[in-house]
Amino acid sequence: MRQEESEAIVLHHLDYKDADRIVSFFSLEQGLLKGFAHNARKSRKRFGSALELFAYVHLRWSGRTSGDLVSLQDAELIDLHSGVRRDVGALALASYGCELVEALTAEAQPCSEIFHLLRAFLGHLSKAGLSLEARLLFELRLLSQLGYAPHFVHCSSCNFPLDSDEVAFSAANGGGLCLECAPAALPLRVSAMTLGTLGRSLQAPVTLFEGFRFSERTLQEAGGILQDILRQHLVRPLKSQPFMEQMLAGKARVKAIR
Ligand SMILES: [Zn+2]
């Protein structure tokens, strides 16, 4: 059977029977895959702690055995991103990011930019903890890599530049809309500045998370825009989202008191 290997990030795992483990990972070479690690919880030599959540690893596997699973041979740990485990907020956002990648990407579709984005996101959370900026940048870049970035600069309907203070947004209608084209019932009203900020953020390298500071208004409006786009593409709500939202709300309250 053909041997494969790649750098990968562990997204999710499930213990199976006494010592086995089923692992979802996003690999640099082949994108999202699911693997079966026989005896993983007993064989320290083959896997060590490399199959823990968020771990950045070098994995070896052989082709698909039964169903959709590849058979994992061994794993070398490169970075456990242990800072994520020491901070409950970072842990909540990292779990959300990994679940989002698993929910939105198709199996065995390589995308090196998504791999580098996820690796940089986990590295950033491990050092800097959770922030609304990190969440927005991650969602925005992931959607863009998947080809789901909407129109930010021009009206999706008449193509006129969006430069008035208030514009509308509807992912179902292609993105930003001028007020003349927006249906009156469309609830999402945002400033053209927020759309411009999102558009400009997409020009930065996918691995850059440091140095972004958005205003309260931008954070709030951009949050609504990204949720509107994500709703279009997610089949079901993510399990990790409510806890992550709670952590971010808690952080915002602490900031407001200070
Ligand atoms: Zn228009």
# chains A, B, ... in the order shown; residues from 1 in each chain; ligands from 1
>>> residues_around(residues="Gly97 (chain A)", least_positions_apart="6", cutoff="8 Å", atoms="only C-alpha atoms", output="PyMOL selection string")
chain A and resi 118+138-139
>>> residues_around(residues="Ala37 (chain A)", least_positions_apart="2", cutoff="10 Å", atoms="only C-alpha atoms", output="PyMOL selection string")
chain A and resi 15-16+19-23+34-35+39-41+43+46-47+51+61+69-75
>>> atom_distance(atom1="CA of Ala149 (chain A)", atom2="CA of Phe115 (chain A)")
18.1 Å
>>> select_by_dssp(residues="region 46-251 of chain A", states="alpha helix (DSSP H)", output="ChimeraX atom specification")
/A:46-47,82-85,88-104,112-128,132-145,192-201,216-233,241-251
>>> select_by_dssp(residues="region 71-198 of chain A", states="strand (DSSP E or B)", output="list of chain:residue names")
A:Ser71, A:Leu72, A:Gln73, A:Asp74, A:Ala75, A:Glu76, A:Leu77, A:Ile78, A:Asp79, A:Glu107, A:His151, A:His154, A:Pro161, A:Glu166, A:Val167, A:Ala168, A:Phe169, A:Ser170, A:Gly175, A:Gly176, A:Leu177, A:Arg189, A:Val190, A:Ser191
>>> closest_atom_pairs(of="chain A", to="ligand 1", cutoff="9 Å", atoms="only C-alpha atoms and all ligand atoms", output="JSON lines")
{"residue": "A:His154", "atom": "CA", "partner": "ligand 1", "partner_atom_place_in_ligand_line": "1 (Zn)", "distance": 7.9}
{"residue": "A:Cys155", "atom": "CA", "partner": "ligand 1", "partner_atom_place_in_ligand_line": "1 (Zn)", "distance": 4.6}
{"residue": "A:Ser156", "atom": "CA", "partner": "ligand 1", "partner_atom_place_in_ligand_line": "1 (Zn)", "distance": 6.6}
{"residue": "A:Ser157", "atom": "CA", "partner": "ligand 1", "partner_atom_place_in_ligand_line": "1 (Zn)", "distance": 5.0}
{"residue": "A:Cys158", "atom": "CA", "partner": "ligand 1", "partner_atom_place_in_ligand_line": "1 (Zn)", "distance": 4.0}
{"residue": "A:Asn159", "atom": "CA", "partner": "ligand 1", "partner_atom_place_in_ligand_line": "1 (Zn)", "distance": 6.1}
{"residue": "A:Phe160", "atom": "CA", "partner": "ligand 1", "partner_atom_place_in_ligand_line": "1 (Zn)", "distance": 5.7}
{"residue": "A:Pro161", "atom": "CA", "partner": "ligand 1", "partner_atom_place_in_ligand_line": "1 (Zn)", "distance": 8.3}
{"residue": "A:Leu162", "atom": "CA", "partner": "ligand 1", "partner_atom_place_in_ligand_line": "1 (Zn)", "distance": 8.2}
{"residue": "A:Gly176", "atom": "CA", "partner": "ligand 1", "partner_atom_place_in_ligand_line": "1 (Zn)", "distance": 8.5}
{"residue": "A:Leu177", "atom": "CA", "partner": "ligand 1", "partner_atom_place_in_ligand_line": "1 (Zn)", "distance": 5.3}
{"residue": "A:Cys178", "atom": "CA", "partner": "ligand 1", "partner_atom_place_in_ligand_line": "1 (Zn)", "distance": 4.2}
{"residue": "A:Leu179", "atom": "CA", "partner": "ligand 1", "partner_atom_place_in_ligand_line": "1 (Zn)", "distance": 6.8}
{"residue": "A:Glu180", "atom": "CA", "partner": "ligand 1", "partner_atom_place_in_ligand_line": "1 (Zn)", "distance": 5.7}
{"residue": "A:Cys181", "atom": "CA", "partner": "ligand 1", "partner_atom_place_in_ligand_line": "1 (Zn)", "distance": 4.3}
{"residue": "A:Ala182", "atom": "CA", "partner": "ligand 1", "partner_atom_place_in_ligand_line": "1 (Zn)", "distance": 7.1}
>>> write_last_selection(atoms="N, CA and C atoms", output="PDB file, in the first residue's frame")
ATOM      1  N   HIS A 154     -17.550  47.148  -4.300  1.00  0.00           N
ATOM      2  CA  HIS A 154     -18.594  47.590  -5.219  1.00  0.00           C
ATOM      3  C   HIS A 154     -19.928  46.936  -4.857  1.00  0.00           C
ATOM      4  N   CYS A 155     -21.013  47.604  -5.225  1.00  0.00           N
ATOM      5  CA  CYS A 155     -22.342  47.040  -5.002  1.00  0.00           C
ATOM      6  C   CYS A 155     -22.474  45.740  -5.802  1.00  0.00           C
ATOM      7  N   SER A 156     -22.939  44.675  -5.146  1.00  0.00           N
ATOM      8  CA  SER A 156     -23.057  43.368  -5.808  1.00  0.00           C
ATOM      9  C   SER A 156     -24.084  43.385  -6.921  1.00  0.00           C
ATOM     10  N   SER A 157     -24.978  44.391  -6.891  1.00  0.00           N
ATOM     11  CA  SER A 157     -26.042  44.424  -7.884  1.00  0.00           C
ATOM     12  C   SER A 157     -25.714  45.386  -9.042  1.00  0.00           C
ATOM     13  N   CYS A 158     -25.413  46.667  -8.731  1.00  0.00           N
ATOM     14  CA  CYS A 158     -25.212  47.651  -9.818  1.00  0.00           C
ATOM     15  C   CYS A 158     -23.738  47.948 -10.066  1.00  0.00           C
ATOM     16  N   ASN A 159     -22.840  47.374  -9.235  1.00  0.00           N
ATOM     17  CA  ASN A 159     -21.393  47.526  -9.399  1.00  0.00           C
ATOM     18  C   ASN A 159     -20.888  48.940  -9.101  1.00  0.00           C
ATOM     19  N   PHE A 160     -21.738  49.790  -8.545  1.00  0.00           N
ATOM     20  CA  PHE A 160     -21.333  51.142  -8.191  1.00  0.00           C
ATOM     21  C   PHE A 160     -20.422  51.074  -6.959  1.00  0.00           C
ATOM     22  N   PRO A 161     -19.376  51.947  -6.878  1.00  0.00           N
ATOM     23  CA  PRO A 161     -18.507  51.890  -5.689  1.00  0.00           C
ATOM     24  C   PRO A 161     -19.297  52.148  -4.405  1.00  0.00           C
ATOM     25  N   LEU A 162     -18.985  51.385  -3.373  1.00  0.00           N
ATOM     26  CA  LEU A 162     -19.681  51.554  -2.087  1.00  0.00           C
ATOM     27  C   LEU A 162     -18.923  52.602  -1.294  1.00  0.00           C
ATOM     28  N   GLY A 176     -21.785  43.302  -0.387  1.00  0.00           N
ATOM     29  CA  GLY A 176     -22.180  44.690  -0.148  1.00  0.00           C
ATOM     30  C   GLY A 176     -23.186  45.163  -1.192  1.00  0.00           C
ATOM     31  N   LEU A 177     -24.120  46.002  -0.751  1.00  0.00           N
ATOM     32  CA  LEU A 177     -25.151  46.552  -1.654  1.00  0.00           C
ATOM     33  C   LEU A 177     -25.322  48.032  -1.356  1.00  0.00           C
ATOM     34  N   CYS A 178     -25.468  48.854  -2.406  1.00  0.00           N
ATOM     35  CA  CYS A 178     -25.795  50.259  -2.156  1.00  0.00           C
ATOM     36  C   CYS A 178     -27.254  50.318  -1.692  1.00  0.00           C
ATOM     37  N   LEU A 179     -27.625  51.431  -1.057  1.00  0.00           N
ATOM     38  CA  LEU A 179     -28.975  51.484  -0.474  1.00  0.00           C
ATOM     39  C   LEU A 179     -30.068  51.492  -1.537  1.00  0.00           C
ATOM     40  N   GLU A 180     -29.730  51.922  -2.750  1.00  0.00           N
ATOM     41  CA  GLU A 180     -30.730  51.903  -3.838  1.00  0.00           C
ATOM     42  C   GLU A 180     -31.052  50.453  -4.233  1.00  0.00           C
ATOM     43  N   CYS A 181     -30.036  49.585  -4.228  1.00  0.00           N
ATOM     44  CA  CYS A 181     -30.242  48.190  -4.665  1.00  0.00           C
ATOM     45  C   CYS A 181     -30.710  47.277  -3.529  1.00  0.00           C
ATOM     46  N   ALA A 182     -30.451  47.683  -2.275  1.00  0.00           N
ATOM     47  CA  ALA A 182     -30.757  46.782  -1.151  1.00  0.00           C
ATOM     48  C   ALA A 182     -32.259  46.679  -0.931  1.00  0.00           C
TER      49      ALA A 182
END
>>> closest_residue(among="A:Ser62, A:Ser112, A:Ser6, A:Ser144", to="Glu76 (chain A)", atoms="only C-alpha atoms")
A:Ser6
>>> residues_around(residues="Arg231 (chain A)", least_positions_apart="3", cutoff="12 Å", atoms="only C-alpha atoms", output="list in words")
Leu100, Ala103, Leu104, Leu143, Tyr148, Ser170, Ala171, Ala172, Gly224, Ile225, Leu226, Gln227, Asp228, Leu234, Val235, Arg236, Pro237 and Leu238 of chain A
>>> write_last_selection(atoms="C-alpha atoms", output="tab-separated table (two decimals), in the first residue's frame")
chain	number	residue	atom	x	y	z
A	100	LEU	CA	-14.63	25.55	11.17
A	103	ALA	CA	-16.83	21.84	8.54
A	104	LEU	CA	-15.98	23.95	5.49
A	143	LEU	CA	-13.70	32.05	3.53
A	148	TYR	CA	-16.44	32.59	-0.61
A	170	SER	CA	-26.30	40.34	2.23
A	171	ALA	CA	-24.22	37.23	1.66
A	172	ALA	CA	-27.19	35.67	-0.18
A	224	GLY	CA	-22.31	40.40	11.68
A	225	ILE	CA	-21.04	40.27	8.09
A	226	LEU	CA	-18.91	37.18	8.65
A	227	GLN	CA	-21.74	35.37	10.48
A	228	ASP	CA	-24.02	36.14	7.53
A	234	LEU	CA	-22.40	25.80	7.22
A	235	VAL	CA	-24.80	22.87	7.19
A	236	ARG	CA	-25.25	23.00	10.97
A	237	PRO	CA	-24.17	25.28	13.85
A	238	LEU	CA	-20.71	24.56	15.24
>>> residues_around(residues="Leu93 (chain A)", least_positions_apart="6", cutoff="12 Å", atoms="only C-alpha atoms", output="PyMOL selection string")
chain A and resi 54+84-85+87+99-100+118+121-122+124-126+128-136+138-139+238-248
>>> write_last_selection(atoms="N, CA and C atoms", output="tab-separated table (two decimals), in the first residue's frame")
chain	number	residue	atom	x	y	z
A	54	PHE	N	-4.70	20.33	18.16
A	54	PHE	CA	-3.94	21.52	17.76
A	54	PHE	C	-2.46	21.24	17.48
A	84	VAL	N	-1.94	27.36	23.98
A	84	VAL	CA	-3.39	27.30	23.78
A	84	VAL	C	-4.06	26.57	24.96
A	85	ARG	N	-3.38	25.56	25.47
A	85	ARG	CA	-3.96	24.77	26.57
A	85	ARG	C	-3.90	25.48	27.92
A	87	ASP	N	-4.65	28.63	28.39
A	87	ASP	CA	-5.53	29.80	28.40
A	87	ASP	C	-6.89	29.36	27.85
A	99	GLU	N	-12.74	23.39	14.21
A	99	GLU	CA	-14.05	22.85	13.80
A	99	GLU	C	-14.52	23.51	12.51
A	100	LEU	N	-14.23	24.81	12.38
A	100	LEU	CA	-14.63	25.55	11.17
A	100	LEU	C	-13.92	24.98	9.93
A	118	LEU	N	-3.99	28.17	9.25
A	118	LEU	CA	-4.34	27.48	10.49
A	118	LEU	C	-3.14	27.39	11.43
A	121	PHE	N	-2.50	30.81	12.89
A	121	PHE	CA	-3.59	31.15	13.82
A	121	PHE	C	-3.34	30.48	15.18
A	122	LEU	N	-3.02	29.18	15.16
A	122	LEU	CA	-2.78	28.46	16.42
A	122	LEU	C	-1.52	28.99	17.10
A	124	HIS	N	-0.39	32.02	16.89
A	124	HIS	CA	-0.73	33.33	17.43
A	124	HIS	C	-1.53	33.19	18.73
A	125	LEU	N	-2.54	32.31	18.73
A	125	LEU	CA	-3.36	32.11	19.95
A	125	LEU	C	-2.51	31.58	21.09
A	126	SER	N	-1.54	30.73	20.76
A	126	SER	CA	-0.67	30.14	21.77
A	126	SER	C	0.15	31.23	22.47
A	128	ALA	N	-0.56	34.87	22.13
A	128	ALA	CA	-1.26	36.12	22.45
A	128	ALA	C	-2.65	35.92	23.04
A	129	GLY	N	-3.17	34.69	23.08
A	129	GLY	CA	-4.52	34.46	23.61
A	129	GLY	C	-5.59	34.89	22.64
A	130	LEU	N	-6.86	34.84	23.10
A	130	LEU	CA	-7.94	35.11	22.14
A	130	LEU	C	-8.17	36.60	21.94
A	131	SER	N	-8.61	36.96	20.76
A	131	SER	CA	-9.02	38.34	20.48
A	131	SER	C	-10.05	38.30	19.36
A	132	LEU	N	-10.89	39.33	19.35
A	132	LEU	CA	-11.88	39.42	18.27
A	132	LEU	C	-11.20	39.59	16.92
A	133	GLU	N	-10.08	40.32	16.90
A	133	GLU	CA	-9.35	40.52	15.64
A	133	GLU	C	-8.90	39.18	15.07
A	134	ALA	N	-8.33	38.32	15.93
A	134	ALA	CA	-7.83	37.02	15.45
A	134	ALA	C	-8.98	36.20	14.88
A	135	ARG	N	-10.12	36.23	15.55
A	135	ARG	CA	-11.28	35.47	15.07
A	135	ARG	C	-11.72	35.98	13.69
A	136	LEU	N	-11.85	37.30	13.56
A	136	LEU	CA	-12.32	37.86	12.30
A	136	LEU	C	-11.35	37.59	11.16
A	138	PHE	N	-9.20	35.21	10.90
A	138	PHE	CA	-9.19	33.79	10.55
A	138	PHE	C	-10.41	33.43	9.70
A	139	GLU	N	-11.60	33.86	10.15
A	139	GLU	CA	-12.83	33.55	9.39
A	139	GLU	C	-12.76	34.14	7.98
A	238	LEU	N	-21.90	25.22	14.69
A	238	LEU	CA	-20.71	24.56	15.24
A	238	LEU	C	-20.87	24.39	16.75
A	239	LYS	N	-20.44	23.21	17.22
A	239	LYS	CA	-20.58	22.91	18.66
A	239	LYS	C	-19.73	23.84	19.52
A	240	SER	N	-18.57	24.23	18.98
A	240	SER	CA	-17.63	25.02	19.78
A	240	SER	C	-17.99	26.51	19.80
A	241	GLN	N	-18.98	26.93	19.01
A	241	GLN	CA	-19.22	28.37	18.88
A	241	GLN	C	-19.79	29.04	20.13
A	242	PRO	N	-20.83	28.47	20.79
A	242	PRO	CA	-21.39	29.18	21.94
A	242	PRO	C	-20.36	29.46	23.03
A	243	PHE	N	-19.50	28.49	23.33
A	243	PHE	CA	-18.50	28.69	24.39
A	243	PHE	C	-17.49	29.76	23.98
A	244	MET	N	-17.08	29.73	22.71
A	244	MET	CA	-16.13	30.73	22.21
A	244	MET	C	-16.74	32.13	22.30
A	245	GLU	N	-18.04	32.25	21.92
A	245	GLU	CA	-18.71	33.56	21.99
A	245	GLU	C	-18.75	34.07	23.44
A	246	GLN	N	-19.00	33.13	24.36
A	246	GLN	CA	-19.06	33.48	25.78
A	246	GLN	C	-17.70	34.01	26.26
A	247	MET	N	-16.64	33.34	25.84
A	247	MET	CA	-15.29	33.76	26.22
A	247	MET	C	-14.97	35.16	25.67
A	248	LEU	N	-15.35	35.39	24.40
A	248	LEU	CA	-15.08	36.69	23.78
A	248	LEU	C	-15.89	37.80	24.44
>>> closest_residue(among="A:Leu195, A:Leu53, A:Ala108, A:Ala252", to="Glu29 (chain A)", atoms="only C-alpha atoms")
A:Ala108
